[in-house]
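> So I've got this file, data11.txt, and it contains compact mmCIF, C-alpha atoms:
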```txt
# COMPACT_ATOMS: atom_id res chain seq x y z
CA MET A 18 0.00 0.00 0.00
CA ASP A 19 1.18 3.53 -0.79
CA SER A 20 2.66 5.03 2.40
CA LYS A 21 0.43 8.15 2.23
CA VAL A 22 -2.65 6.00 1.66
CA ALA A 23 -1.62 3.90 4.67
CA LEU A 24 -1.33 7.04 6.82
CA LEU A 25 -4.74 8.33 5.72
CA THR A 26 -6.31 4.91 6.27
CA GLU A 27 -4.96 4.83 9.81
CA PHE A 28 -5.83 8.43 10.69
CA TYR A 29 -9.42 8.22 9.41
CA ARG A 30 -9.96 4.59 10.47
CA GLY A 31 -13.14 5.38 12.40
CA LEU A 32 -15.09 6.99 9.57
CA PRO A 33 -17.58 4.92 7.52
CA LYS A 34 -16.05 3.69 4.25
CA ASP A 35 -19.22 2.61 2.48
CA ARG A 36 -20.09 6.18 1.46
CA ALA A 37 -18.08 9.15 0.29
CA LYS A 38 -18.15 12.30 -1.76
CA VAL A 39 -15.71 12.52 -4.64
CA GLU A 40 -14.72 15.92 -6.06
CA THR A 41 -13.29 15.85 -9.55
CA TYR A 42 -13.27 17.65 -12.87
CA GLU A 43 -14.12 14.37 -14.62
CA GLN A 44 -17.65 14.06 -15.97
CA GLY A 45 -19.82 12.28 -18.49
CA PHE A 46 -21.79 9.06 -18.59
CA GLU A 47 -18.82 6.85 -19.48
CA PHE A 48 -16.89 8.17 -16.48
CA LEU A 49 -19.97 7.70 -14.31
CA GLU A 50 -20.36 4.09 -15.39
CA ARG A 51 -16.73 3.39 -14.47
CA MET A 52 -17.15 5.08 -11.09
CA LEU A 53 -20.32 3.13 -10.32
CA ALA A 54 -18.87 -0.26 -11.27
CA GLY A 55 -19.17 -2.99 -8.66
CA GLY A 56 -22.50 -1.88 -7.25
CA VAL A 57 -21.63 1.67 -6.17
CA THR A 58 -24.70 3.94 -6.10
CA LEU A 59 -24.77 7.62 -7.07
CA GLU A 60 -26.95 9.36 -4.51
CA TYR A 61 -26.62 12.65 -6.40
CA GLY A 62 -24.15 14.73 -8.34
CA GLU A 63 -23.42 18.45 -8.26
CA MET A 64 -21.80 20.65 -10.84
CA SER A 65 -20.47 24.04 -9.88
CA HIS A 66 -19.74 26.64 -12.49
CA PRO A 67 -17.32 28.03 -13.55
CA GLY A 68 -14.66 25.38 -13.84
CA LEU A 69 -17.07 22.46 -14.13
CA LEU A 70 -16.05 20.99 -10.79
CA HIS A 71 -18.22 17.95 -10.13
CA LYS A 72 -19.05 16.37 -6.80
CA TYR A 73 -20.49 12.87 -6.61
CA LYS A 74 -22.07 11.50 -3.47
CA LEU A 75 -21.54 7.75 -3.54
CA SER A 76 -22.98 5.03 -1.35
CA LYS A 77 -22.72 1.21 -1.20
CA ILE A 78 -19.00 1.44 -1.89
CA PRO A 79 -17.67 -2.12 -1.69
CA GLU A 80 -14.68 -2.96 0.49
CA GLY A 81 -11.55 -2.63 -1.54
CA ARG A 82 -12.72 0.34 -3.62
CA MET A 83 -11.73 2.80 -0.88
CA ASN A 84 -8.00 2.16 -1.47
CA GLY A 85 -8.42 3.23 -5.09
CA LEU A 86 -10.27 6.38 -4.06
CA LEU A 87 -7.55 7.19 -1.51
CA LEU A 88 -4.85 6.65 -4.11
CA SER A 89 -6.58 9.07 -6.51
CA HIS A 90 -6.80 11.48 -3.58
CA VAL A 91 -3.07 11.48 -2.77
CA ARG A 92 -2.23 11.63 -6.48
CA LYS A 93 -4.45 14.74 -6.61
CA GLU A 94 -6.62 13.28 -9.37
CA SER A 95 -9.73 13.74 -7.25
CA ASN A 96 -10.59 14.72 -3.69
CA LEU A 97 -12.10 12.29 -1.25
CA CYS A 98 -14.50 13.51 1.42
CA LEU A 99 -15.87 11.19 4.10
CA TYR A 100 -19.00 11.24 6.23
CA PHE A 101 -19.10 10.66 9.97
CA GLY A 102 -20.64 7.77 11.88
CA ASP A 103 -24.30 8.08 12.82
CA LYS A 104 -23.98 7.38 16.55
CA VAL A 105 -20.35 7.22 17.65
CA ASN A 106 -17.05 8.46 16.24
CA SER A 107 -13.36 8.33 17.02
CA LEU A 108 -12.72 11.64 15.26
CA PHE A 109 -14.32 15.03 15.55
CA CYS A 110 -13.72 18.21 13.65
CA PHE A 111 -14.59 21.91 13.59
CA ASN A 112 -15.00 23.43 10.15
CA LEU A 113 -14.52 27.20 10.20
CA ASP A 114 -15.30 28.99 6.94
CA ASN A 115 -15.21 32.59 5.82
CA ASN A 116 -18.95 33.39 5.70
CA HIS A 117 -18.83 35.94 2.88
CA LYS A 118 -20.54 35.33 -0.45
CA THR A 119 -17.61 36.78 -2.36
CA ASP A 120 -13.83 36.76 -1.90
CA ASN A 121 -14.28 34.08 0.72
CA THR A 122 -10.89 32.43 0.29
CA GLU A 123 -9.29 35.39 2.06
CA VAL A 124 -8.17 34.79 5.63
CA ILE A 125 -10.09 37.45 7.54
CA PRO A 126 -8.90 38.77 10.95
CA GLU A 127 -11.88 37.12 12.66
CA MET A 128 -10.76 33.75 11.35
CA GLU A 129 -7.19 34.08 12.59
CA LEU A 130 -8.37 35.11 16.02
CA ALA A 131 -11.08 32.44 16.20
CA VAL A 132 -8.63 29.64 15.35
CA SER A 133 -6.15 30.90 17.88
CA LEU A 134 -8.80 31.23 20.64
CA LEU A 135 -10.37 27.87 19.87
CA ARG A 136 -6.98 26.15 19.90
CA GLU A 137 -6.19 27.72 23.27
CA ILE A 138 -9.55 26.68 24.76
CA LEU A 139 -9.23 23.11 23.55
CA ILE A 140 -5.64 22.70 24.65
CA GLY A 141 -6.81 23.95 28.04
CA LEU A 142 -9.22 21.01 28.01
CA GLY A 143 -6.43 18.60 27.10
CA CYS A 144 -7.43 18.27 23.44
CA GLU A 145 -4.75 19.21 20.91
CA PRO A 146 -6.02 19.81 17.38
CA LEU A 147 -4.48 19.13 14.00
CA ILE A 148 -5.29 22.35 12.17
CA LEU A 149 -5.54 22.20 8.38
CA ALA A 150 -6.01 25.08 5.98
CA SER A 151 -9.15 24.53 3.92
CA GLY A 152 -10.29 26.61 0.99
CA ARG A 153 -12.24 29.16 3.01
CA GLY A 154 -10.82 28.70 6.50
CA TYR A 155 -9.60 25.88 8.70
CA HIS A 156 -10.49 22.39 9.83
CA LEU A 157 -9.55 21.49 13.41
CA TRP A 158 -9.32 17.70 13.69
CA PHE A 159 -9.15 15.63 16.89
CA ARG A 160 -8.35 11.93 16.85
CA LEU A 161 -9.48 9.65 19.66
CA ALA A 162 -8.16 6.25 20.67
CA GLY A 163 -11.71 4.88 20.82
CA GLU A 164 -15.28 5.71 19.97
CA VAL A 165 -17.32 8.37 21.78
CA GLU A 166 -21.05 9.10 21.48
CA ASN A 167 -21.88 11.89 19.03
CA ASP A 168 -23.85 13.84 21.65
CA GLN A 169 -20.75 14.18 23.83
CA LEU A 170 -18.53 15.18 20.92
CA TYR A 171 -21.10 17.76 19.83
CA ASN A 172 -21.51 19.20 23.31
CA VAL A 173 -17.76 19.75 23.68
CA MET A 174 -17.59 21.40 20.24
CA LEU A 175 -20.65 23.57 20.80
CA ARG A 176 -19.46 24.88 24.16
CA SER A 177 -15.88 25.47 23.16
CA MET A 178 -17.07 27.31 20.04
CA ALA A 179 -19.44 29.41 22.16
CA LYS A 180 -16.47 30.42 24.35
CA THR A 181 -14.52 31.25 21.20
CA MET A 182 -17.31 33.44 19.84
CA LEU A 183 -17.55 35.22 23.18
CA GLY A 184 -13.80 35.86 22.98
CA LEU A 185 -14.22 37.31 19.47
CA HIS A 186 -17.07 39.52 20.64
CA ARG A 187 -15.06 40.80 23.62
CA LYS A 188 -12.24 41.79 21.29
CA GLY A 189 -14.67 43.78 19.14
CA PHE A 190 -15.04 41.32 16.26
CA ASP A 191 -18.23 40.13 14.60
CA HIS A 192 -18.67 36.36 15.01
CA GLN A 193 -21.08 36.25 12.06
CA GLN A 194 -18.15 36.71 9.69
CA ILE A 195 -17.37 33.05 10.36
CA LYS A 196 -19.51 30.06 9.49
CA VAL A 197 -19.01 27.09 11.78
CA ASN A 198 -19.98 23.47 11.25
CA PHE A 199 -19.42 20.60 13.64
CA TYR A 200 -18.59 17.04 12.61
CA PRO A 201 -20.34 14.94 13.74
CA ASP A 202 -23.54 16.92 14.25
CA PRO A 203 -26.37 14.83 15.74
CA ARG A 204 -28.92 17.21 14.14
CA SER A 205 -27.94 16.08 10.67
CA ARG A 206 -27.02 12.62 9.56
CA ASP A 207 -25.16 11.62 6.43
CA ILE A 208 -25.54 15.10 4.94
CA VAL A 209 -22.18 16.82 5.04
CA SER A 210 -18.75 15.34 4.50
CA LEU A 211 -15.21 16.61 5.05
CA ARG A 212 -12.27 16.52 2.69
CA LEU A 213 -9.40 14.42 3.95
CA PHE A 214 -5.91 15.77 4.45
CA GLY A 215 -3.38 15.31 1.68
CA THR A 216 -4.67 16.98 -1.43
CA ASP A 217 -5.43 20.35 -2.98
CA HIS A 218 -8.66 22.27 -2.46
CA ALA A 219 -10.84 21.65 -5.51
CA LYS A 220 -11.47 25.32 -6.22
CA ASN A 221 -8.35 27.24 -5.27
CA ARG A 222 -5.91 24.33 -5.77
CA VAL A 223 -4.16 25.06 -2.47
CA PHE A 224 -2.79 22.10 -0.50
CA SER A 225 -4.36 21.32 2.88
CA ARG A 226 -1.36 22.70 4.76
CA VAL A 227 -0.95 22.18 8.51
CA LEU A 228 -1.18 25.33 10.62
CA THR A 229 1.13 25.55 13.63
CA PRO A 230 1.46 28.48 16.06
CA GLU A 231 4.48 29.51 13.94
CA GLY A 232 2.52 29.50 10.70
CA LEU A 233 1.57 27.26 7.79
CA LEU A 234 3.88 24.38 6.91
CA ASP A 235 4.72 23.46 3.34
CA GLU A 236 3.34 20.27 1.76
CA GLU A 237 6.22 17.97 2.78
CA ASP A 238 6.34 19.22 6.36
CA SER A 239 2.56 19.04 6.55
CA TRP A 240 2.71 15.30 5.81
CA LYS A 241 5.33 14.93 8.58
CA ALA A 242 3.14 16.91 11.01
CA PHE A 243 0.14 14.79 10.05
CA GLU A 244 2.05 11.58 10.79
CA CYS A 245 3.40 13.02 14.04
CA HIS A 246 -0.11 14.00 15.15
CA LEU A 247 -1.37 10.51 14.41
CA LYS A 248 1.42 8.91 16.45
CA THR A 249 1.66 11.29 19.38
CA LYS A 250 -1.55 13.30 19.73
CA THR A 251 -4.28 10.69 19.54
CA MET A 252 -6.34 11.33 22.65
CA SER A 253 -7.49 8.65 25.05
CA VAL A 254 -11.23 8.32 25.56
CA GLU A 255 -10.67 8.94 29.29
CA ARG A 256 -9.02 12.26 28.55
CA PHE A 257 -11.90 13.24 26.28
CA ARG A 258 -14.46 12.31 28.95
CA ALA A 259 -12.58 14.52 31.43
CA ALA A 260 -12.72 17.40 28.90
CA TYR A 261 -16.42 16.78 28.48
CA GLU A 262 -17.07 16.83 32.25
CA SER A 263 -15.00 19.98 32.61
CA ILE A 264 -16.71 22.02 29.90
CA MET A 265 -20.21 20.81 30.84
CA ALA A 266 -19.60 21.90 34.42
CA ALA A 267 -18.47 25.33 33.24
CA PHE A 268 -21.76 26.03 31.40
CA MET B 10 -28.98 6.36 -26.06
CA LYS B 11 -31.30 9.39 -26.03
CA THR B 12 -30.80 11.51 -22.93
CA ILE B 13 -33.03 14.21 -21.48
CA ALA B 14 -32.47 16.55 -18.53
CA ILE B 15 -35.56 17.67 -16.65
CA ASP B 16 -35.98 20.24 -13.95
CA LEU B 17 -38.21 19.61 -10.94
CA ASP B 18 -39.59 22.77 -9.40
CA ASP B 19 -42.31 24.47 -11.46
CA THR B 20 -41.62 22.03 -14.26
CA LEU B 21 -42.77 18.70 -12.85
CA ASN B 22 -44.50 20.21 -9.82
CA ASP B 23 -46.29 23.33 -8.54
CA PHE B 24 -43.48 24.60 -6.31
CA SER B 25 -44.27 28.35 -6.57
CA GLU B 26 -47.94 27.81 -5.84
CA THR B 27 -47.04 25.65 -2.84
CA LEU B 28 -44.73 28.37 -1.54
CA LEU B 29 -47.42 31.04 -1.96
CA LYS B 30 -50.43 29.14 -0.65
CA THR B 31 -49.19 26.86 2.11
CA PRO B 32 -50.09 28.21 5.58
CA PHE B 33 -46.62 27.71 7.14
CA THR B 34 -46.69 27.97 10.88
CA HIS B 35 -44.08 29.41 13.19
CA ASP B 36 -42.38 27.16 15.72
CA ALA B 37 -39.31 27.27 17.95
CA GLY B 38 -37.29 25.23 15.45
CA TYR B 39 -36.87 28.33 13.27
CA GLY B 40 -35.01 30.11 16.09
CA ILE B 41 -36.76 33.44 15.34
CA SER B 42 -39.75 35.36 16.69
CA ALA B 43 -43.22 35.03 15.14
CA GLU B 44 -42.90 38.59 13.78
CA THR B 45 -39.59 37.87 12.09
CA PHE B 46 -41.05 34.63 10.75
CA ALA B 47 -43.92 36.54 9.13
CA GLN B 48 -41.54 39.15 7.73
CA TYR B 49 -39.18 36.52 6.29
CA LEU B 50 -42.09 34.61 4.77
CA ARG B 51 -43.26 37.77 2.99
CA MET B 52 -39.74 38.34 1.71
CA LEU B 53 -39.36 34.78 0.47
CA ARG B 54 -42.75 34.75 -1.24
CA SER B 55 -42.04 38.02 -3.03
CA GLY B 56 -38.56 36.89 -4.06
CA THR B 57 -36.86 39.66 -2.08
CA ALA B 58 -33.20 39.11 -1.25
CA ASP B 59 -32.08 39.99 2.27
CA GLY B 60 -29.27 42.17 0.90
CA ASN B 61 -26.79 40.45 3.16
CA ASP B 62 -23.29 39.72 1.90
CA LEU B 63 -22.99 36.73 4.23
CA LEU B 64 -23.66 33.15 3.12
CA SER B 65 -25.10 31.64 6.23
CA THR B 66 -27.62 33.84 8.01
CA GLU B 67 -30.85 33.62 9.99
CA TYR B 68 -32.73 34.30 6.73
CA SER B 69 -30.83 31.69 4.70
CA TYR B 70 -31.67 29.08 7.35
CA PHE B 71 -35.32 30.15 7.25
CA CYS B 72 -35.38 29.81 3.44
CA TYR B 73 -33.81 26.37 3.62
CA LYS B 74 -36.45 25.19 6.12
CA ILE B 75 -39.39 26.56 4.13
CA HIS B 76 -38.05 25.27 0.82
CA ASN B 77 -37.63 21.79 2.28
CA GLU B 78 -41.24 21.92 3.45
CA CYS B 79 -42.31 22.87 -0.08
CA TYR B 80 -40.31 20.02 -1.61
CA ARG B 81 -42.29 17.66 0.57
CA LEU B 82 -45.70 19.25 0.01
CA THR B 83 -45.58 20.12 -3.66
CA THR B 84 -47.96 18.38 -6.08
CA ALA B 85 -46.70 16.55 -9.16
CA ARG B 86 -48.21 17.45 -12.54
CA ALA B 87 -50.20 14.39 -13.61
CA ASP B 88 -49.27 14.85 -17.27
CA GLY B 89 -45.63 15.30 -16.19
CA VAL B 90 -45.66 11.97 -14.38
CA GLU B 91 -47.18 10.30 -17.42
CA PHE B 92 -44.53 11.90 -19.63
CA MET B 93 -41.71 10.64 -17.42
CA GLN B 94 -43.14 7.13 -17.48
CA TRP B 95 -43.39 7.37 -21.28
CA LEU B 96 -39.71 8.38 -21.42
CA ARG B 97 -38.76 5.36 -19.35
CA ALA B 98 -40.87 3.03 -21.49
CA ASN B 99 -39.14 4.44 -24.57
CA ASP B 100 -35.61 3.89 -23.26
CA TRP B 101 -34.64 7.49 -22.60
CA ARG B 102 -31.88 8.12 -20.10
CA ILE B 103 -33.45 10.53 -17.59
CA VAL B 104 -31.42 13.05 -15.64
CA ILE B 105 -33.25 15.12 -13.04
CA CYS B 106 -31.44 18.46 -13.04
CA THR B 107 -32.32 20.89 -10.27
CA HIS B 108 -31.18 24.00 -8.41
CA ARG B 109 -32.03 22.37 -5.09
CA ASP B 110 -29.26 21.97 -2.53
CA LEU B 111 -29.21 18.19 -2.71
CA ARG B 112 -26.95 17.85 0.31
CA ARG B 113 -29.94 18.71 2.43
CA SER B 114 -32.79 17.65 0.15
CA ASN B 115 -31.58 14.46 -1.52
CA GLU B 116 -33.61 12.20 0.75
CA CYS B 117 -36.91 14.11 0.50
CA THR B 118 -36.46 14.65 -3.24
CA ARG B 119 -35.95 10.93 -3.86
CA LYS B 120 -38.94 10.09 -1.67
CA TRP B 121 -41.14 12.57 -3.55
CA LEU B 122 -40.07 11.15 -6.91
CA GLU B 123 -40.74 7.62 -5.72
CA ASP B 124 -44.07 8.49 -4.10
CA ASN B 125 -45.21 10.08 -7.35
CA GLY B 126 -44.05 7.24 -9.58
CA ILE B 127 -41.50 9.39 -11.43
CA PRO B 128 -38.69 7.30 -12.91
CA PHE B 129 -35.18 8.70 -13.34
CA ASP B 130 -31.61 7.52 -13.74
CA TYR B 131 -29.56 10.26 -12.11
CA LEU B 132 -30.14 13.23 -9.85
CA PHE B 133 -27.93 16.29 -10.34
CA ARG B 134 -27.68 19.78 -8.96
CA ALA B 135 -26.50 22.40 -11.42
CA LEU B 136 -26.85 26.14 -11.03
CA ASN B 137 -26.29 26.58 -14.76
CA LYS B 138 -28.26 23.74 -16.34
CA LEU B 139 -27.22 24.67 -19.88
CA GLU B 140 -23.55 24.39 -18.91
CA PHE B 141 -24.30 21.06 -17.26
CA CYS B 142 -26.08 19.72 -20.36
CA LYS B 143 -23.22 20.90 -22.57
CA ALA B 144 -20.62 19.20 -20.34
CA TRP B 145 -22.57 15.94 -20.33
CA GLY B 146 -23.56 15.98 -23.99
CA ILE B 147 -27.28 16.29 -23.26
CA LYS B 148 -29.16 17.93 -26.13
CA THR B 149 -32.65 18.23 -24.62
CA LEU B 150 -33.53 20.19 -21.50
CA VAL B 151 -36.95 20.80 -19.96
CA ASP B 152 -36.80 23.76 -17.58
CA ASP B 153 -38.86 26.77 -16.57
CA HIS B 154 -35.89 28.94 -15.60
CA LEU B 155 -35.59 32.17 -17.58
CA PHE B 156 -31.82 31.81 -17.93
CA SER B 157 -32.23 28.45 -19.66
CA LEU B 158 -34.85 29.88 -22.02
CA THR B 159 -32.94 32.99 -23.01
CA GLN B 160 -29.41 31.60 -23.23
CA GLU B 161 -29.99 28.28 -24.97
CA GLY B 162 -28.74 29.59 -28.31
CA SER B 163 -25.20 29.93 -27.05
CA TYR B 164 -25.14 26.29 -25.93
CA ASP B 165 -26.70 24.40 -28.86
CA ILE B 166 -29.23 22.75 -26.55
CA GLU B 167 -32.94 22.55 -27.24
CA VAL B 168 -34.89 23.90 -24.28
CA PHE B 169 -38.57 23.24 -23.68
CA HIS B 170 -40.54 24.92 -20.93
CA PRO B 171 -43.97 24.79 -19.37
CA ILE B 172 -45.74 28.07 -20.17
CA MET B 173 -46.00 30.17 -17.00
CA ALA B 174 -47.01 33.73 -16.18
CA LYS B 175 -43.39 34.70 -15.58
CA HIS B 176 -42.58 33.99 -19.23
CA GLU B 177 -45.20 36.42 -20.57
CA ASP B 178 -43.07 39.55 -20.27
CA LEU B 179 -40.23 37.87 -22.01
CA GLU B 180 -39.75 38.06 -25.74
CA LEU B 181 -39.15 34.39 -26.19
CA ARG B 182 -37.85 33.49 -29.58
CA ARG B 183 -35.89 30.41 -28.67
CA GLY B 184 -37.24 28.05 -25.98
CA LYS B 185 -40.39 26.14 -26.89
CA GLY B 186 -43.26 26.60 -24.47
CA PHE B 187 -45.78 23.81 -23.96
CA ARG B 188 -49.20 23.82 -22.31
CA ASN B 189 -49.10 20.15 -21.45
CA PHE B 190 -46.55 17.36 -21.59
CA GLU B 191 -48.47 15.62 -24.37
CA GLU B 192 -47.40 18.49 -26.64
CA LEU B 193 -43.82 18.04 -25.56
CA LYS B 194 -44.02 14.32 -26.21
CA GLN B 195 -45.07 15.00 -29.81
CA TRP B 196 -42.23 17.50 -30.31
CA ILE B 197 -39.42 15.37 -28.98
CA GLN B 198 -40.56 12.37 -31.02
CA LYS B 199 -39.89 14.46 -34.10
```
In structure tokens, what does this structure look like?

Amino acid sequence: MDSKVALLTEFYRGLPKDRAKVETYEQGFEFLERMLAGGVTLEYGEMSHPGLLHKYKLSKIPEGRMNGLLLSHVRKESNLCLYFGDKVNSLFCFNLDNNHKTDNTEVIPEMELAVSLLREILIGLGCEPLILASGRGYHLWFRLAGEVENDQLYNVMLRSMAKTMLGLHRKGFDHQQIKVNFYPDPRSRDIVSLRLFGTDHAKNRVFSRVLTPEGLLDEEDSWKAFECHLKTKTMSVERFRAAYESIMAAF
Amino acid sequence: MKTIAIDLDDTLNDFSETLLKTPFTHDAGYGISAETFAQYLRMLRSGTADGNDLLSTEYSYFCYKIHNECYRLTTARADGVEFMQWLRANDWRIVICTHRDLRRSNECTRKWLEDNGIPFDYLFRALNKLEFCKAWGIKTLVDDHLFSLTQEGSYDIEVFHPIMAKHEDLELRRGKGFRNFEELKQWIQK
């Protein structure tokens, strides 16, 4: 197995592999037939214009096909996005996006401050994030050694984000400039997916670089940081439960 | 294989009428007051934009909730259903092509299609349906959207549309308007 595919497989081991969203510039019925071979179902497709970027939501992906999708992902032929488990997960993630209709790939001051505040709050709880630059903001990933109920994951995310927004407000910034989504979110199931680390953003073609307190790493160092996070920052379930108790008691 | 792309809202169903006539009721799930609910409903029904330069707002969430209700409640055109079944029986590849945000409406859209006996092969969201048809080599599009009717010439795609009041002010010289799907059936057989 390709070493990058092996890393991604290990990092995202807890996410369901029978469904995925694939982002690609490939299109047409012949391509679709190839993609759906082996019993894969197309739930729906999306085409955004300009650029003709296509997104395909696939389900009933047989075992064995995921390796091929991951390989295309690391080769930057297409982007693979995965959905979260319906009830429990061993990963959780904040997705912070620039909320503007136009020019939304710019890093706005609110975003920089929000990421910094959120990181600080979560580290205070004993949860260290892997922060990845996304097209319109950042993804803050947390990897757990075991599965935790979605309600608990959501409650920690909701409360730490509320503290972050309060921090923004106190510093005179408008929290509405940022759009926040939580993964998993018990209010929605099987609706939104997240792009995995290791490829370029489909629209702005920028690699999902790792953000450290010193700044953004380049592609090679980002892969090293990703591997290091996997090996040294995976959080025990006990530590997560302690974070949960702590933040629930504070609200 | 012959392929056709067909829109859903106001083409195969009465979406606009559903939006205008359904007595939507306020509840806590909207996260807004009853007054704001009434104001937003007026705005949505009149097609007024909120003038906000933000993507995700209180109003955008309201619109999403009301639209999803409409997708569920809307009535299928009986002649449209019959037309779709005729397409299936005559080996057409059918692509449903819609503006709907399918991330959040895929499930209810599929249920509605199934409940109404509407066959299809693929479900796609495209904001520019002409561009989509061009990219996928689809030569026939059925759509009520004014953009599709006025811009078809630049895409070499034949566009058919149900005749609606909103088309009256438009000097249509390109898209073919039909009163019922039986008319359309005759045209596409030629």
> What are the closest atom pairs, with distances in Å to one decimal, for each residue of chain B lying within 6 Å of chain A, using only C-alpha atoms, rows by chain and rising residue number, as a Markdown table?

```
| residue | atom | partner | partner_atom | distance |
| --- | --- | --- | --- | --- |
| B:Asp62 | CA | A:Lys118 | CA | 5.7 |
| B:Leu63 | CA | A:His117 | CA | 4.4 |
| B:Leu64 | CA | A:Lys118 | CA | 5.2 |
| B:Arg112 | CA | A:Ile208 | CA | 5.6 |
| B:Leu132 | CA | A:Tyr61 | CA | 5.0 |
| B:Phe133 | CA | A:Gly62 | CA | 4.6 |
| B:Arg134 | CA | A:Glu63 | CA | 4.5 |
| B:Ala135 | CA | A:Met64 | CA | 5.0 |
| B:Trp145 | CA | A:Gly45 | CA | 4.9 |
```
> Give me, as a ChimeraX atom specification, all polymer residues having an atom no more than 10 Å from Gly55 in chain A, counting all atoms listed in the file and skipping those fewer than 6 positions away in the same chain.
/A:77-79,82
> Can you list, as number ranges by chain, every protein, DNA or RNA residue that comes within 9 Å of Asp18 in chain B when you count all atoms listed in the file, leaving out same-chain residues fewer than 2 positions away?
B: 16, 20-25, 80, 83, 107-109, 152-153
> Given the selection you just returned, output its residues as a file containing C-alpha atoms, formatted as a PDB file, in the coordinates of the input.

```pdb
ATOM      1  CA  ASP B  16     -35.980  20.240 -13.950  1.00  0.00           C
ATOM      2  CA  THR B  20     -41.620  22.030 -14.260  1.00  0.00           C
ATOM      3  CA  LEU B  21     -42.770  18.700 -12.850  1.00  0.00           C
ATOM      4  CA  ASN B  22     -44.500  20.210  -9.820  1.00  0.00           C
ATOM      5  CA  ASP B  23     -46.290  23.330  -8.540  1.00  0.00           C
ATOM      6  CA  PHE B  24     -43.480  24.600  -6.310  1.00  0.00           C
ATOM      7  CA  SER B  25     -44.270  28.350  -6.570  1.00  0.00           C
ATOM      8  CA  TYR B  80     -40.310  20.020  -1.610  1.00  0.00           C
ATOM      9  CA  THR B  83     -45.580  20.120  -3.660  1.00  0.00           C
ATOM     10  CA  THR B 107     -32.320  20.890 -10.270  1.00  0.00           C
ATOM     11  CA  HIS B 108     -31.180  24.000  -8.410  1.00  0.00           C
ATOM     12  CA  ARG B 109     -32.030  22.370  -5.090  1.00  0.00           C
ATOM     13  CA  ASP B 152     -36.800  23.760 -17.580  1.00  0.00           C
ATOM     14  CA  ASP B 153     -38.860  26.770 -16.570  1.00  0.00           C
TER      15      ASP B 153
END
```
> Quick one: residues within 10 Å of Lys148 in chain B, all atoms listed in the file, excluding same-chain residues fewer than 2 positions away - as a ChimeraX atom specification?
/B:11-14,139,142-143,145-146,150,164-168
> Need to verify the contact set: Ile138 in chain A, 12 Å, all atoms listed in the file, exclusion of same-chain residues closer than 3 positions in sequence. Can you return it as a list in words?
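Non-adjacent residues within range: Ala131, Val132, Ser133, Leu134, Leu135, Gly141, Leu142, Gly143, Cys144, Glu145, Pro146, Val173, Met174, Arg176, Ser177, Met178, Ala179, Lys180, Thr181, Met182, Leu183, Gly184, Ala260, Ser263 and Ile264 of chain A.
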> Please report the interatomic distance between CA of Arg212 in chain A and CA of Leu97 in chain A in Å with one decimal.
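Atom-to-atom, CA of Arg212 in chain A to CA of Leu97 in chain A, that is 5.8 Å.
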> Can you work out the spacing between CA of Gly163 in chain A and CA of Ser107 in chain A in Å, to one decimal?
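CA of Gly163 in chain A sits 5.4 Å away from CA of Ser107 in chain A.
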> CA of Cys72 in chain B and CA of Pro128 in chain B are how many Å apart?
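CA of Cys72 in chain B sits 28.0 Å away from CA of Pro128 in chain B.
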> Just want the 7 Å neighbourhood of Ala150 in chain A, counted on all atoms listed in the file, with same-chain residues fewer than 2 positions away dropped. Output as a ChimeraX atom specification.
/A:148,152,154-156,225-228
> Nearest to Asp88 in chain B: which of B:Ser55, B:Leu28, B:Trp196, B:Asn189 is it, counting only C-alpha atoms?
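Looking only at the distances to Asp88 in chain B, the closest residue turns out to be B:Asn189.
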> Please give the centre and size of the box around range 44-63 of chain B (axis-aligned, containing every atom listed in the file, 6 Å added per side), with values in Å to one decimal and written as JSON.

```
{"center_x": -33.5, "center_y": 38.4, "center_z": 4.9, "size_x": 32.9, "size_y": 19.6, "size_z": 29.8}
```
